[in-house]
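Trainee: File work-v3.cif below, mmCIF, C-alpha atoms:
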data_start
#
loop_
_atom_site.group_PDB
_atom_site.id
_atom_site.type_symbol
_atom_site.label_atom_id
_atom_site.label_comp_id
_atom_site.auth_asym_id
_atom_site.auth_seq_id
_atom_site.Cartn_x
_atom_site.Cartn_y
_atom_site.Cartn_z
ATOM 1 C CA MET X 30 73.031 56.088 -69.198
ATOM 2 C CA ASN X 31 70.089 56.765 -66.898
ATOM 3 C CA CYS X 32 67.221 54.453 -65.947
ATOM 4 C CA ILE X 33 64.930 55.549 -68.752
ATOM 5 C CA GLU X 34 67.629 55.088 -71.373
ATOM 6 C CA ALA X 35 68.534 51.710 -69.863
ATOM 7 C CA ILE X 36 64.914 50.521 -69.878
ATOM 8 C CA ASP X 37 64.619 51.658 -73.484
ATOM 9 C CA VAL X 38 67.332 49.227 -74.617
ATOM 10 C CA MET X 39 66.635 46.386 -72.166
ATOM 11 C CA GLY X 40 64.686 44.425 -74.755
ATOM 12 C CA ASP X 41 67.605 44.570 -77.187
ATOM 13 C CA ALA X 42 69.995 43.577 -74.395
ATOM 14 C CA ALA X 43 67.810 40.604 -73.455
ATOM 15 C CA GLU X 44 68.027 39.463 -77.079
ATOM 16 C CA ASP X 45 71.801 39.960 -77.183
ATOM 17 C CA ARG X 46 71.404 42.571 -79.899
ATOM 18 C CA LEU X 47 72.340 45.665 -77.993
ATOM 19 C CA ASP X 48 73.936 48.326 -80.149
ATOM 20 C CA PRO X 49 77.688 48.085 -79.418
ATOM 21 C CA SER X 50 77.804 51.832 -78.787
ATOM 22 C CA CYS X 51 75.374 51.356 -75.850
ATOM 23 C CA SER X 52 76.919 48.224 -74.417
ATOM 24 C CA ALA X 53 79.413 49.743 -71.988
ATOM 25 C CA GLY X 54 76.941 52.347 -70.730
ATOM 26 C CA PHE X 55 74.271 49.730 -70.226
ATOM 27 C CA GLN X 56 76.592 47.410 -68.294
ATOM 28 C CA GLU X 57 77.730 50.308 -66.140
ATOM 29 C CA HIS X 58 74.156 51.283 -65.350
ATOM 30 C CA MET X 59 73.248 47.688 -64.457
ATOM 31 C CA GLU X 60 76.137 47.589 -62.016
ATOM 32 C CA GLU X 61 75.202 50.821 -60.304
ATOM 33 C CA CYS X 62 71.391 50.633 -60.330
ATOM 34 C CA PRO X 63 69.954 47.628 -58.443
ATOM 35 C CA PRO X 64 66.292 48.338 -59.405
ATOM 36 C CA CYS X 65 67.177 48.367 -63.124
ATOM 37 C CA ALA X 66 69.350 45.264 -62.694
ATOM 38 C CA THR X 67 66.453 43.448 -61.018
ATOM 39 C CA TYR X 68 64.032 44.629 -63.657
ATOM 40 C CA TYR X 69 66.364 43.537 -66.449
ATOM 41 C CA GLU X 70 66.798 40.089 -64.898
ATOM 42 C CA GLN X 71 63.013 39.737 -64.691
ATOM 43 C CA LEU X 72 62.553 40.801 -68.307
ATOM 44 C CA ARG X 73 65.113 38.192 -69.382
ATOM 45 C CA ILE X 74 63.264 35.491 -67.443
ATOM 46 C CA THR X 75 59.975 36.723 -68.911
ATOM 47 C CA ARG X 76 61.352 36.420 -72.432
ATOM 48 C CA LEU X 77 62.680 32.917 -71.728
ATOM 49 C CA ALA X 78 59.279 31.958 -70.373
ATOM 50 C CA LEU X 79 57.542 33.290 -73.498
ATOM 51 C CA GLN X 80 59.938 31.255 -75.636
ATOM 52 C CA ASN X 81 58.735 28.190 -73.753
ATOM 53 C CA LEU X 82 55.042 28.788 -74.342
ATOM 54 C CA ASP X 83 53.488 26.116 -76.512
ATOM 55 C CA PRO X 84 49.941 27.231 -77.314
ATOM 56 C CA ALA X 85 47.362 24.515 -77.944
ATOM 57 C CA ALA X 86 44.563 24.428 -80.492
ATOM 58 C CA PRO X 87 41.198 22.717 -80.053
ATOM 59 C CA GLU X 88 41.278 19.079 -81.124
ATOM 60 C CA ALA X 89 40.014 18.873 -84.708
ATOM 61 C CA PRO X 90 40.692 15.406 -86.169
ATOM 62 C CA ALA X 91 38.408 15.935 -89.176
ATOM 63 C CA ARG X 92 40.205 19.119 -90.205
ATOM 64 C CA ARG X 93 43.579 17.416 -89.730
ATOM 65 C CA ALA X 94 42.465 14.487 -91.881
ATOM 66 C CA GLU X 95 41.226 16.905 -94.576
ATOM 67 C CA LEU X 96 44.619 18.603 -94.661
ATOM 68 C CA ILE X 97 46.517 15.355 -94.961
ATOM 69 C CA ALA X 98 44.186 14.176 -97.724
ATOM 70 C CA THR X 99 44.686 17.471 -99.561
ATOM 71 C CA PHE X 100 48.425 17.150 -99.161
ATOM 72 C CA ARG X 101 48.250 13.602 -100.548
ATOM 73 C CA ARG X 102 46.311 14.761 -103.603
ATOM 74 C CA ALA X 103 48.756 17.616 -104.203
ATOM 75 C CA PHE X 104 52.004 15.735 -103.720
ATOM 76 C CA GLY X 105 51.076 12.053 -104.049
ATOM 77 C CA GLU X 106 53.581 10.068 -102.033
ATOM 78 C CA LYS X 107 56.025 8.282 -104.280
ATOM 79 C CA LYS X 108 56.383 4.695 -103.174
ATOM 80 C CA ASN X 109 59.763 3.036 -103.501
ATOM 81 C CA MET F 27 62.632 23.734 -88.344
ATOM 82 C CA GLU F 28 65.103 24.977 -85.783
ATOM 83 C CA ASN F 29 67.933 25.440 -88.218
ATOM 84 C CA HIS F 30 68.542 25.793 -91.884
ATOM 85 C CA ARG F 31 69.695 22.238 -92.503
ATOM 86 C CA GLU F 32 66.746 20.689 -90.662
ATOM 87 C CA GLU F 33 64.407 22.885 -92.628
ATOM 88 C CA GLU F 34 65.965 21.869 -95.939
ATOM 89 C CA ALA F 35 65.569 18.229 -94.955
ATOM 90 C CA LEU F 36 61.939 18.831 -94.031
ATOM 91 C CA LEU F 37 61.250 20.630 -97.316
ATOM 92 C CA ALA F 38 62.803 17.751 -99.224
ATOM 93 C CA ARG F 39 60.552 15.279 -97.382
ATOM 94 C CA LEU F 40 57.498 17.428 -98.085
ATOM 95 C CA GLY F 41 58.497 17.691 -101.734
ATOM 96 C CA ARG F 42 58.646 13.901 -101.918
ATOM 97 C CA GLY F 43 55.080 13.830 -100.625
ATOM 98 C CA GLU F 44 55.862 12.300 -97.243
ATOM 99 C CA GLU F 45 52.604 12.539 -95.360
ATOM 100 C CA ALA F 46 54.264 11.881 -92.006
ATOM 101 C CA ALA F 47 56.428 14.966 -92.458
ATOM 102 C CA PHE F 48 53.430 17.087 -93.331
ATOM 103 C CA ALA F 49 51.376 15.705 -90.424
ATOM 104 C CA ALA F 50 54.239 16.434 -88.016
ATOM 105 C CA LEU F 51 54.457 19.987 -89.336
ATOM 106 C CA VAL F 52 50.726 20.471 -88.825
ATOM 107 C CA ASP F 53 50.908 19.070 -85.297
ATOM 108 C CA GLN F 54 53.902 21.234 -84.480
ATOM 109 C CA LEU F 55 52.377 24.501 -85.647
ATOM 110 C CA GLN F 56 48.623 24.038 -85.262
ATOM 111 C CA GLY F 57 48.376 25.444 -81.723
ATOM 112 C CA ARG F 58 50.714 28.303 -82.541
ATOM 113 C CA LEU F 59 48.815 29.269 -85.682
ATOM 114 C CA TYR F 60 45.539 29.064 -83.790
ATOM 115 C CA ALA F 61 46.820 31.352 -81.020
ATOM 116 C CA PHE F 62 47.966 33.797 -83.687
ATOM 117 C CA ALA F 63 44.680 33.557 -85.603
ATOM 118 C CA ARG F 64 42.825 34.441 -82.410
ATOM 119 C CA THR F 65 44.463 37.875 -82.520
ATOM 120 C CA PHE F 66 42.384 38.580 -85.634
ATOM 121 C CA THR F 67 39.021 37.408 -84.366
ATOM 122 C CA THR F 68 37.195 36.801 -81.118
ATOM 123 C CA SER F 69 35.447 33.825 -82.714
ATOM 124 C CA PRO F 70 37.144 30.455 -81.998
ATOM 125 C CA ALA F 71 35.399 28.885 -85.004
ATOM 126 C CA LEU F 72 36.559 31.641 -87.318
ATOM 127 C CA ALA F 73 40.114 31.294 -85.992
ATOM 128 C CA GLU F 74 39.985 27.584 -86.818
ATOM 129 C CA ASP F 75 38.788 28.451 -90.332
ATOM 130 C CA ILE F 76 41.662 30.891 -90.760
ATOM 131 C CA VAL F 77 44.180 28.234 -89.709
ATOM 132 C CA GLN F 78 42.623 25.666 -92.019
ATOM 133 C CA GLU F 79 42.687 28.069 -94.978
ATOM 134 C CA THR F 80 46.294 28.857 -94.114
ATOM 135 C CA TRP F 81 47.279 25.201 -94.349
ATOM 136 C CA LEU F 82 45.450 24.787 -97.635
ATOM 137 C CA ALA F 83 47.332 27.812 -98.983
ATOM 138 C CA VAL F 84 50.575 26.313 -97.650
ATOM 139 C CA ILE F 85 49.913 23.102 -99.601
ATOM 140 C CA ARG F 86 49.165 25.107 -102.748
ATOM 141 C CA GLY F 87 52.248 27.266 -102.344
ATOM 142 C CA LEU F 88 54.748 24.726 -101.088
ATOM 143 C CA GLY F 89 56.012 23.816 -104.545
ATOM 144 C CA GLY F 90 56.921 27.431 -105.198
ATOM 145 C CA PHE F 91 58.430 28.138 -101.788
ATOM 146 C CA GLU F 92 61.926 29.438 -102.432
ATOM 147 C CA GLY F 93 63.222 29.639 -98.892
ATOM 148 C CA ARG F 94 63.841 33.377 -98.957
ATOM 149 C CA SER F 95 62.435 33.363 -95.415
ATOM 150 C CA SER F 96 62.165 30.505 -92.970
ATOM 151 C CA LEU F 97 59.268 28.123 -93.496
ATOM 152 C CA ARG F 98 57.719 29.289 -90.232
ATOM 153 C CA THR F 99 57.916 32.944 -91.265
ATOM 154 C CA TRP F 100 56.368 32.107 -94.610
ATOM 155 C CA ILE F 101 53.484 30.200 -93.006
ATOM 156 C CA PHE F 102 52.741 32.950 -90.472
ATOM 157 C CA GLY F 103 52.778 35.478 -93.292
ATOM 158 C CA ILE F 104 50.212 33.412 -95.175
ATOM 159 C CA LEU F 105 48.064 33.314 -92.048
ATOM 160 C CA VAL F 106 48.017 37.103 -91.805
ATOM 161 C CA ARG F 107 46.832 37.398 -95.411
ATOM 162 C CA ARG F 108 44.155 34.727 -94.899
ATOM 163 C CA ALA F 109 43.054 36.330 -91.635
ATOM 164 C CA LYS F 110 42.661 39.739 -93.221
ATOM 165 C CA THR F 111 40.606 38.288 -96.055
ATOM 166 C CA VAL F 112 38.392 36.282 -93.711
ATOM 167 C CA ALA F 113 38.060 39.099 -91.199
ATOM 168 C CA SER F 114 37.082 41.657 -93.821
ATOM 169 C CA ARG F 115 34.512 39.201 -95.163
ATOM 170 C CA GLU F 116 33.143 38.652 -91.668
ATOM 171 C CA ALA F 117 33.295 42.321 -90.734
ATOM 172 C CA ARG F 118 30.291 42.876 -92.975
ATOM 173 C CA ARG F 119 28.363 40.681 -90.563
ATOM 174 C CA PRO F 120 27.900 42.715 -87.396
ATOM 175 C CA GLU F 121 27.554 39.677 -85.122
ATOM 176 C CA VAL F 122 31.191 38.697 -85.597
ATOM 177 C CA PRO F 123 33.383 41.546 -84.377
ATOM 178 C CA TYR F 124 36.874 41.945 -85.761
ATOM 179 C CA PRO F 125 38.874 43.308 -82.849
ATOM 180 C CA GLY F 126 41.842 44.219 -85.007
ATOM 181 C CA ALA F 127 39.840 46.786 -86.896
ATOM 182 C CA ASN F 128 40.230 49.619 -84.435
ATOM 183 C CA GLY F 129 43.340 48.721 -82.448
ATOM 184 C CA HIS F 130 41.855 50.112 -79.266
ATOM 185 C CA GLY F 131 43.565 49.751 -75.937
ATOM 186 C CA GLU F 132 47.119 49.482 -77.227
ATOM 187 C CA ASN F 133 48.292 51.824 -74.523
ATOM 188 C CA SER F 134 46.309 50.524 -71.614
ATOM 189 C CA GLY F 135 47.884 49.047 -68.535
ATOM 190 C CA GLU F 136 51.460 49.998 -69.311
ATOM 191 C CA GLU F 137 54.126 50.628 -66.752
ATOM 192 C CA TRP F 138 55.747 53.375 -68.729
ATOM 193 C CA ASP F 139 55.942 55.054 -72.073
ATOM 194 C CA LEU F 140 59.340 54.614 -73.616
ATOM 195 C CA GLY F 141 61.475 57.686 -73.584
ATOM 196 C CA TYR F 142 59.394 59.614 -71.087
ATOM 197 C CA GLY F 143 59.597 59.919 -67.371
ATOM 198 C CA ARG F 144 61.646 61.260 -64.545
ATOM 199 C CA ARG F 145 65.298 60.646 -64.981
ATOM 200 C CA GLY F 146 66.697 57.828 -62.928
ATOM 201 C CA LEU F 147 63.810 57.365 -60.549
ATOM 202 C CA TRP F 148 61.786 54.338 -59.690
ATOM 203 C CA GLU F 149 58.471 54.832 -58.018
ATOM 204 C CA ARG F 150 59.206 51.663 -56.157
ATOM 205 C CA ALA F 151 62.087 49.355 -56.859
ATOM 206 C CA PRO F 152 61.092 45.939 -58.161
ATOM 207 C CA ALA F 153 61.574 43.198 -55.590
ATOM 208 C CA PRO F 154 63.835 40.408 -56.754
ATOM 209 C CA TRP F 155 62.067 37.124 -57.465
ATOM 210 C CA GLY F 156 64.764 35.227 -55.607
ATOM 211 C CA LEU F 157 64.601 32.250 -57.917
ATOM 212 C CA GLU F 158 67.337 29.690 -57.499
ATOM 213 C CA ASP F 159 66.551 28.440 -60.963
ATOM 214 C CA PRO F 160 64.843 30.902 -63.348
ATOM 215 C CA ALA F 161 63.651 27.941 -65.408
ATOM 216 C CA ALA F 162 61.274 27.142 -62.555
ATOM 217 C CA VAL F 163 59.115 29.984 -63.828
ATOM 218 C CA PHE F 164 58.323 28.292 -67.094
ATOM 219 C CA GLN F 165 58.486 24.703 -66.000
ATOM 220 C CA THR F 166 55.439 24.848 -63.760
ATOM 221 C CA LYS F 167 51.983 24.528 -65.238
ATOM 222 C CA GLU F 168 50.605 27.284 -63.042
ATOM 223 C CA ALA F 169 53.225 29.819 -64.139
ATOM 224 C CA LEU F 170 52.713 28.928 -67.796
ATOM 225 C CA GLU F 171 48.997 29.528 -67.358
ATOM 226 C CA ILE F 172 49.725 32.943 -65.843
ATOM 227 C CA ILE F 173 51.885 33.805 -68.844
ATOM 228 C CA ASP F 174 49.362 32.443 -71.315
ATOM 229 C CA GLN F 175 46.595 34.469 -69.673
ATOM 230 C CA ALA F 176 48.699 37.645 -69.740
ATOM 231 C CA VAL F 177 49.352 37.144 -73.452
ATOM 232 C CA ARG F 178 45.679 36.526 -74.194
ATOM 233 C CA GLU F 179 44.709 39.755 -72.425
ATOM 234 C CA MET F 180 47.027 41.892 -74.578
ATOM 235 C CA PRO F 181 45.627 44.268 -77.185
ATOM 236 C CA GLU F 182 45.764 42.444 -80.501
ATOM 237 C CA THR F 183 48.711 44.124 -82.209
ATOM 238 C CA GLN F 184 50.798 43.837 -79.061
ATOM 239 C CA ARG F 185 49.848 40.162 -78.851
ATOM 240 C CA GLN F 186 50.757 39.617 -82.505
ATOM 241 C CA VAL F 187 54.216 41.081 -81.948
ATOM 242 C CA VAL F 188 54.857 39.095 -78.767
ATOM 243 C CA LEU F 189 53.698 35.855 -80.377
ATOM 244 C CA LEU F 190 55.811 36.307 -83.503
ATOM 245 C CA ARG F 191 58.929 37.652 -81.829
ATOM 246 C CA ASP F 192 59.161 35.795 -78.530
ATOM 247 C CA VAL F 193 56.912 32.748 -78.761
ATOM 248 C CA GLU F 194 57.788 31.916 -82.398
ATOM 249 C CA GLY F 195 61.242 33.431 -82.381
ATOM 250 C CA LEU F 196 60.913 35.323 -85.665
ATOM 251 C CA GLU F 197 63.458 37.960 -86.563
ATOM 252 C CA SER F 198 62.464 41.560 -85.999
ATOM 253 C CA ALA F 199 62.542 42.381 -89.719
ATOM 254 C CA ASP F 200 60.316 39.394 -90.543
ATOM 255 C CA ALA F 201 57.780 40.292 -87.865
ATOM 256 C CA CYS F 202 57.664 43.905 -89.095
ATOM 257 C CA ASN F 203 57.191 42.713 -92.636
ATOM 258 C CA ILE F 204 54.411 40.248 -91.790
ATOM 259 C CA LEU F 205 52.521 42.713 -89.601
ATOM 260 C CA GLY F 206 53.193 45.835 -91.652
ATOM 261 C CA LEU F 207 54.732 47.639 -88.688
ATOM 262 C CA SER F 208 57.683 49.970 -88.489
ATOM 263 C CA GLU F 209 60.695 48.736 -86.544
ATOM 264 C CA THR F 210 60.112 51.440 -83.937
ATOM 265 C CA ASN F 211 56.474 50.594 -83.461
ATOM 266 C CA GLN F 212 57.212 46.893 -83.245
ATOM 267 C CA ARG F 213 59.903 47.524 -80.653
ATOM 268 C CA VAL F 214 57.559 49.544 -78.445
ATOM 269 C CA LEU F 215 54.779 46.963 -78.705
ATOM 270 C CA LEU F 216 57.174 44.138 -77.866
ATOM 271 C CA HIS F 217 58.509 46.024 -74.884
ATOM 272 C CA ARG F 218 55.016 46.724 -73.594
ATOM 273 C CA GLY F 219 53.970 43.126 -74.098
ATOM 274 C CA ARG F 220 56.959 41.780 -72.214
ATOM 275 C CA ALA F 221 56.368 44.323 -69.448
ATOM 276 C CA ARG F 222 52.803 43.112 -69.133
ATOM 277 C CA VAL F 223 53.893 39.488 -68.817
ATOM 278 C CA ARG F 224 56.608 40.458 -66.341
ATOM 279 C CA ARG F 225 54.004 42.239 -64.259
ATOM 280 C CA ALA F 226 51.724 39.199 -64.282
ATOM 281 C CA LEU F 227 54.622 36.969 -63.258
ATOM 282 C CA ASP F 228 55.595 39.458 -60.568
ATOM 283 C CA ARG F 229 52.062 39.432 -59.193
ATOM 284 C CA TYR F 230 52.119 35.649 -59.179
ATOM 285 C CA LEU F 231 55.580 35.275 -57.671
ATOM 286 C CA GLN F 232 55.237 38.019 -55.071
ATOM 287 C CA GLY F 233 51.619 37.284 -54.281
ATOM 288 C CA GLN F 234 50.909 40.972 -54.285
ATOM 289 C CA THR F 235 48.976 43.479 -56.352
ATOM 290 C CA ASP F 236 50.924 46.627 -55.528
ATOM 291 C CA LEU F 237 53.569 46.443 -58.194
ATOM 292 C CA ALA F 238 56.888 47.991 -58.807
ATOM 293 C CA GLY F 239 57.468 50.080 -61.870
ATOM 294 C CA PRO F 240 59.469 53.090 -62.938
ATOM 295 C CA LEU F 241 57.861 56.403 -62.104
ATOM 296 C CA THR F 242 56.996 57.835 -65.457
ATOM 297 C CA GLY F 243 55.268 60.856 -66.819
ATOM 298 C CA SER F 244 52.265 58.880 -67.878
ATOM 299 C CA ALA F 245 52.121 57.022 -64.548
ATOM 300 C CA ARG F 246 52.078 60.355 -62.737
ATOM 301 C CA THR F 247 49.394 61.885 -64.889
ATOM 302 C CA ARG F 248 47.290 58.763 -64.670
ATOM 303 C CA GLY F 249 47.715 58.927 -60.911
ATOM 304 C CA GLU F 250 47.438 55.886 -58.734
ATOM 305 C CA ARG F 251 46.488 52.812 -60.644
ATOM 306 C CA SER F 252 44.468 50.306 -58.743
#
Step by step, read the file and then write its structure as structure tokens.
Mentor:
Amino acid sequence: MNCIEAIDVMGDAAEDRLDPSCSAGFQEHMEECPPCATYYEQLRITRLALQNLDPAAPEAPARRAELIATFRRAFGEKKN
Amino acid sequence: MENHREEEALLARLGRGEEAAFAALVDQLQGRLYAFARTFTTSPALAEDIVQETWLAVIRGLGGFEGRSSLRTWIFGILVRRAKTVASREARRPEVPYPGANGHGENSGEEWDLGYGRRGLWERAPAPWGLEDPAAVFQTKEALEIIDQAVREMPETQRQVVLLRDVEGLESADACNILGLSETNQRVLLHRGRARVRRALDRYLQGQTDLAGPLTGSARTRGERS
């Protein structure tokens, strides 16, 4: 595997869904190519960071209240 | 919603009409749906409308939800359909642009094009970040803002893929289905999106603008990027 081929499958590797037929070649390339190994490590960290993003919406209490009221009308909480 | 059993429990609570469960679901997903809705429109107000219409459709459809996909996948799929309806309605009004209509700029600012380039060569090797704890990257407010900014600057389809796949954790097949993309196309967009965020993080962590990247055909023909 060369650098271009390794970069092509780095995303799959970062997700632990590398095609088994590529796995050995990819590992070998990571061991022998420090720039690709560094790049791969940074892509893994990048993906972890994206998984930790928690986007915020503008505060909209009236819209939230409308949704809950609509939900109540649709499902009508059953009191015990 | 993180696993099947939790989701079944949540659906049961929703089915019993438990408002607290519904309110928690809204609070959990509101910001995420809004960020996704913004990929369909530059208008914050319109994005809020899209999210609101999505929730109303969720309430209408909840009784018939069969769990063939995860609840989150189902809700994001509803949002796409609502967004397309709203955006096409608004597109007739010239003052509200629909950025998704032309898909421009999908290739801008990339470090490489997959499958092209000079074999085994890096223009300049990436410098290690030297982090003792990689989690430090996403546990500081400043770094999260860098990442958030990088995501917001992505072309819309790239942003949609990154949000669904990495931020929301949807399966590849589900993201392709929701966005109407081929697996190959989705894979390329995801790769480019991650590369963009990596580059932003690199700039932040190295405090430099001259960035490492593989020497590729497109990088050579584009010449030196400033």
Trainee: Looking at X:Val38, X:Glu95, X:Pro84, X:Ala66, which one is nearest to chain F, with distances taken over all atoms listed in the file?
Mentor: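 Looking at the shortest contact to chain F, the residue is X:Pro84.
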Trainee: So the first atom is atom CA of Ala176 of chain F and the second is atom CA of Thr99 of chain F; what is the distance between them in Å, to one decimal place?
Mentor: 23.9 Å
Trainee: I need the chain X residues near chain F as an mmCIF file with C-alpha atoms, keeping the file's coordinate frame; criterion: at most 6 Å, counting all atoms listed in the file.
Mentor:
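And here's iface21.cif as it stands now:
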data_model
loop_
_atom_site.group_PDB
_atom_site.id
_atom_site.type_symbol
_atom_site.label_atom_id
_atom_site.label_comp_id
_atom_site.auth_asym_id
_atom_site.auth_seq_id
_atom_site.Cartn_x
_atom_site.Cartn_y
_atom_site.Cartn_z
ATOM 1 C CA ASN X 31 70.089 56.765 -66.898
ATOM 2 C CA CYS X 32 67.221 54.453 -65.947
ATOM 3 C CA PRO X 64 66.292 48.338 -59.405
ATOM 4 C CA THR X 67 66.453 43.448 -61.018
ATOM 5 C CA THR X 75 59.975 36.723 -68.911
ATOM 6 C CA ALA X 78 59.279 31.958 -70.373
ATOM 7 C CA LEU X 79 57.542 33.290 -73.498
ATOM 8 C CA GLN X 80 59.938 31.255 -75.636
ATOM 9 C CA PRO X 84 49.941 27.231 -77.314
ATOM 10 C CA ALA X 85 47.362 24.515 -77.944
ATOM 11 C CA ALA X 86 44.563 24.428 -80.492
ATOM 12 C CA PHE X 104 52.004 15.735 -103.720
ATOM 13 C CA GLY X 105 51.076 12.053 -104.049
ATOM 14 C CA GLU X 106 53.581 10.068 -102.033
#
Trainee: Might you pull out every residue within 12 Å of Arg46 of chain X, with all atoms listed in the file counted and same-chain residues fewer than 6 positions away left off, and present them as a VMD selection string?
Mentor: (chain X and resid 38 to 40 52) or (chain F and resid 197 to 198)
Trainee: To one decimal place in Å, what is the distance between atom CA of Ala201 of chain F and atom CA of Ala38 of chain F?
Mentor: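 One can read the atom CA of Ala201 of chain F to atom CA of Ala38 of chain F distance as 25.7 Å.
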Trainee: To one decimal place, how far is atom CA of Ile76 of chain F from atom CA of Ile104 of chain F in Å?
Mentor: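 Atom-to-atom, atom CA of Ile76 of chain F to atom CA of Ile104 of chain F, that is 9.9 Å.
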Trainee: Emit as AutoDock Vina command-line options the padded axis-aligned box for all listed atoms of segment 54-60 of chain X, 6 Å per side, with centre and edge lengths in Å to one decimal.
Mentor:
--center_x 75.5 --center_y 49.9 --center_z -66.4 --size_x 16.5 --size_y 16.9 --size_z 20.7
Trainee: Take segment 60-72 of chain X, model N, CA and C atoms, and hand the result over as a short mmCIF file (atom, residue, chain, number, x, y, z; two decimals), keeping the file's coordinate frame.
Mentor:
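This is the output file rebuild-v5.cif:
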data_model
loop_
_atom_site.label_atom_id
_atom_site.label_comp_id
_atom_site.auth_asym_id
_atom_site.auth_seq_id
_atom_site.Cartn_x
_atom_site.Cartn_y
_atom_site.Cartn_z
N GLU X 60 75.32 47.81 -63.22
CA GLU X 60 76.14 47.59 -62.02
C GLU X 60 75.83 48.59 -60.92
N GLU X 61 75.39 49.79 -61.33
CA GLU X 61 75.20 50.82 -60.30
C GLU X 61 73.74 51.05 -59.93
N CYS X 62 72.82 50.39 -60.60
CA CYS X 62 71.39 50.63 -60.33
C CYS X 62 70.67 49.31 -60.05
N PRO X 63 70.59 48.91 -58.77
CA PRO X 63 69.95 47.63 -58.44
C PRO X 63 68.51 47.49 -58.95
N PRO X 64 67.65 48.53 -58.88
CA PRO X 64 66.29 48.34 -59.40
C PRO X 64 66.28 47.99 -60.90
N CYS X 65 67.12 48.68 -61.69
CA CYS X 65 67.18 48.37 -63.12
C CYS X 65 67.75 46.97 -63.35
N ALA X 66 68.76 46.59 -62.54
CA ALA X 66 69.35 45.26 -62.69
C ALA X 66 68.31 44.19 -62.40
N THR X 67 67.51 44.41 -61.36
CA THR X 67 66.45 43.45 -61.02
C THR X 67 65.42 43.39 -62.13
N TYR X 68 65.03 44.57 -62.60
CA TYR X 68 64.03 44.63 -63.66
C TYR X 68 64.52 43.93 -64.93
N TYR X 69 65.78 44.16 -65.25
CA TYR X 69 66.36 43.54 -66.45
C TYR X 69 66.37 42.01 -66.31
N GLU X 70 66.78 41.53 -65.13
CA GLU X 70 66.80 40.09 -64.90
C GLU X 70 65.39 39.51 -65.09
N GLN X 71 64.39 40.24 -64.58
CA GLN X 71 63.01 39.74 -64.69
C GLN X 71 62.51 39.77 -66.14
N LEU X 72 62.93 40.77 -66.89
CA LEU X 72 62.55 40.80 -68.31
C LEU X 72 63.19 39.64 -69.08
#
